[in-house]
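Q: Here it is, the structure, as structure tokens.
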Amino acid sequence: MTLSESQKKYLRGLGHGLKPVVMVGDAGLTEAVLSEFNSCLEHHELIKVRVKVGDRTERDRIIASLCDSGSAELVQRIGNMALLFRENPEKKRIQLPR
């Protein structure tokens, strides 16, 4: 699923007040982090992730890995924070604009 710019704008508005629920530290992407990430995405659909590792390219690589492994869409990335979205087909919590 590819998000349009209007959908991303809508999701950024919803995500503005969110606190990060998943944090990736120096250990990188462990099985525990991936499990928590998938669980949070399934429940909330829109989550913030804090990636506190190395330099910018390392953060980009980790965020891309999270998106690939969780079939999530990157909505926004600012510094070490990423806003990610994955629609839950069984229990939709967020109704995206068309």
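Within each chain, counting starts at residue 1; across the structure tokens, chains are named A, B, ... in the order shown, with ligands numbered 1 upward in that order.
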Excluding segment 28-36 of chain A and any residue of its chain fewer than 5 positions from it, enumerate the residues within 9 Å of it, using only C-alpha atoms, and give them as a list of chain:residue names.
A: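 Final neighbour list, sorted by chain and number: A:Val21, A:Val22, A:Met23, A:Leu41, A:Val51, A:Lys52, A:Val53, A:Ile62, A:Ser65, A:Leu66, A:Ser69, A:Gly70.
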Q: I need the alpha helix (DSSP H) residues of chain A per DSSP on the backbone, written as JSON, numbers by chain.
A: {"A": [5, 6, 7, 8, 9, 10, 11, 12, 13, 14, 15, 31, 32, 33, 34, 35, 36, 37, 38, 39, 40, 41, 42, 43, 44, 56, 57, 58, 59, 60, 61, 62, 63, 64, 65, 66, 67, 68, 69, 70]}
Q: For each of A:Ile47, A:Glu87, A:Ile63, A:Gly79, take the minimum atom-to-atom distance to His16 of chain A, counting only C-alpha atoms, then give the residue where this is smallest.
A: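 Of all the options, A:Ile47 lies closest to His16 of chain A.
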Q: Leu83 of chain A: which residues within 6 Å, counting only C-alpha atoms, same-chain residues fewer than 2 positions away excluded, as a short mmCIF file (atom, residue, chain, number, x, y, z; two decimals) with C-alpha atoms, in the first residue's frame?
A:
```
data_model
loop_
_atom_site.label_atom_id
_atom_site.label_comp_id
_atom_site.auth_asym_id
_atom_site.auth_seq_id
_atom_site.Cartn_x
_atom_site.Cartn_y
_atom_site.Cartn_z
CA ILE A 47 3.35 4.44 15.86
CA LYS A 48 6.44 6.48 16.54
CA VAL A 75 5.08 8.53 6.98
CA GLN A 76 7.75 10.88 8.30
#
```
Q: For atom CA of Glu42 of chain A and atom CA of Asn80 of chain A, quote the distance in Å rounded to one decimal.
A: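 Going from atom CA of Glu42 of chain A over to atom CA of Asn80 of chain A covers 22.2 Å.
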Q: Do you know which residues are at most 12 Å from segment 91-93 of chain A counting only C-alpha atoms, after dropping those on the same chain fewer than 4 positions away, and could you put them as a compact mmCIF listing (two decimals) with N, CA and C atoms, in the first residue's frame?
A:
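So the final result, stored in around.txt, reads:
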```
# COMPACT_ATOMS: atom_id res chain seq x y z
N LEU A 14 -2.16 13.22 12.96
CA LEU A 14 -2.53 12.28 14.03
C LEU A 14 -1.32 11.91 14.89
N LEU A 41 2.34 -2.20 15.99
CA LEU A 41 1.73 -1.81 14.71
C LEU A 41 0.37 -2.48 14.53
N GLU A 42 0.28 -3.73 14.93
CA GLU A 42 -0.98 -4.45 14.80
C GLU A 42 -2.06 -3.82 15.66
N HIS A 43 -1.68 -3.38 16.83
CA HIS A 43 -2.66 -2.82 17.76
C HIS A 43 -3.00 -1.36 17.46
N HIS A 44 -1.99 -0.53 17.16
CA HIS A 44 -2.20 0.91 17.02
C HIS A 44 -2.31 1.40 15.57
N GLU A 45 -1.73 0.72 14.63
CA GLU A 45 -1.65 1.08 13.22
C GLU A 45 -0.67 2.23 12.95
N LEU A 46 -0.62 3.24 13.78
CA LEU A 46 0.28 4.38 13.61
C LEU A 46 1.14 4.50 14.86
N PHE A 85 3.24 3.58 9.63
CA PHE A 85 1.83 3.20 9.53
C PHE A 85 1.70 1.86 8.83
N ARG A 86 0.83 1.03 9.37
CA ARG A 86 0.41 -0.21 8.71
C ARG A 86 -1.05 -0.45 9.06
N GLU A 87 -1.86 -0.53 8.04
CA GLU A 87 -3.29 -0.73 8.25
C GLU A 87 -3.56 -2.14 8.73
```
Q: Excluding Pro97 of chain A and any residue of its chain fewer than 3 positions from it, enumerate the residues within 12 Å of it, using only C-alpha atoms, and give them as a VMD selection string.
A: chain A and resid 3 to 11 94
Q: Between atom CA of Val49 of chain A and atom CA of Pro20 of chain A, measure the distance and give it in Å to one decimal.
A: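 Pair atom CA of Val49 of chain A / atom CA of Pro20 of chain A returns 5.1 Å.
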Q: Let's see if you can do this: from backbone DSSP, list all strand (DSSP E) residues in segment 10-79 of chain A, as a list of chain:residue names.
A: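 In segment 10-79 of chain A, DSSP puts these residues in strand (DSSP E): A:Pro20, A:Val21, A:Val22, A:Met23, A:Val24, A:Leu46, A:Ile47, A:Lys48, A:Val49, A:Arg50, A:Val51, A:Glu73, A:Leu74, A:Val75, A:Gln76, A:Arg77, A:Ile78.
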Q: Please save C-alpha atoms of the selected residues as a PDB file, in the first residue's frame.
A:
```
ATOM      1  CA  PRO A  20       7.498   6.736  20.819  1.00  0.00           C
ATOM      2  CA  VAL A  21       6.379   3.207  21.703  1.00  0.00           C
ATOM      3  CA  VAL A  22       9.347   1.326  20.240  1.00  0.00           C
ATOM      4  CA  MET A  23      12.952   2.311  20.834  1.00  0.00           C
ATOM      5  CA  VAL A  24      15.953   0.894  18.993  1.00  0.00           C
ATOM      6  CA  LEU A  46       0.283   4.381  13.606  1.00  0.00           C
ATOM      7  CA  ILE A  47       3.347   4.440  15.861  1.00  0.00           C
ATOM      8  CA  LYS A  48       6.443   6.479  16.542  1.00  0.00           C
ATOM      9  CA  VAL A  49       9.798   4.732  16.700  1.00  0.00           C
ATOM     10  CA  ARG A  50      12.940   6.233  18.226  1.00  0.00           C
ATOM     11  CA  VAL A  51      16.185   5.024  16.662  1.00  0.00           C
ATOM     12  CA  GLU A  73       4.906   2.675   5.387  1.00  0.00           C
ATOM     13  CA  LEU A  74       7.223   5.452   6.476  1.00  0.00           C
ATOM     14  CA  VAL A  75       5.077   8.535   6.985  1.00  0.00           C
ATOM     15  CA  GLN A  76       7.747  10.882   8.301  1.00  0.00           C
ATOM     16  CA  ARG A  77      11.267  10.865   9.670  1.00  0.00           C
ATOM     17  CA  ILE A  78      12.717  13.709  11.696  1.00  0.00           C
TER      18      ILE A  78
END
```
Q: Find the residue from A:Ser39, A:Asp68, A:Met81, A:Asp60 that sits nearest to Gly15 of chain A; use only C-alpha atoms when measuring.
A: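 Going through A:Ser39, A:Asp68, A:Met81, A:Asp60 one by one, the smallest distance to Gly15 of chain A is for A:Met81.
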Q: Nearest to Asp26 of chain A among A:Gln95, A:Ala72, A:Arg12, A:Arg59, with distances taken over only C-alpha atoms: which residue is it?
A: A:Arg59
Q: Report the distance between atom CA of Glu90 of chain A and atom CA of Cys67 of chain A in Å, rounded to one decimal place.
A: 19.9 Å
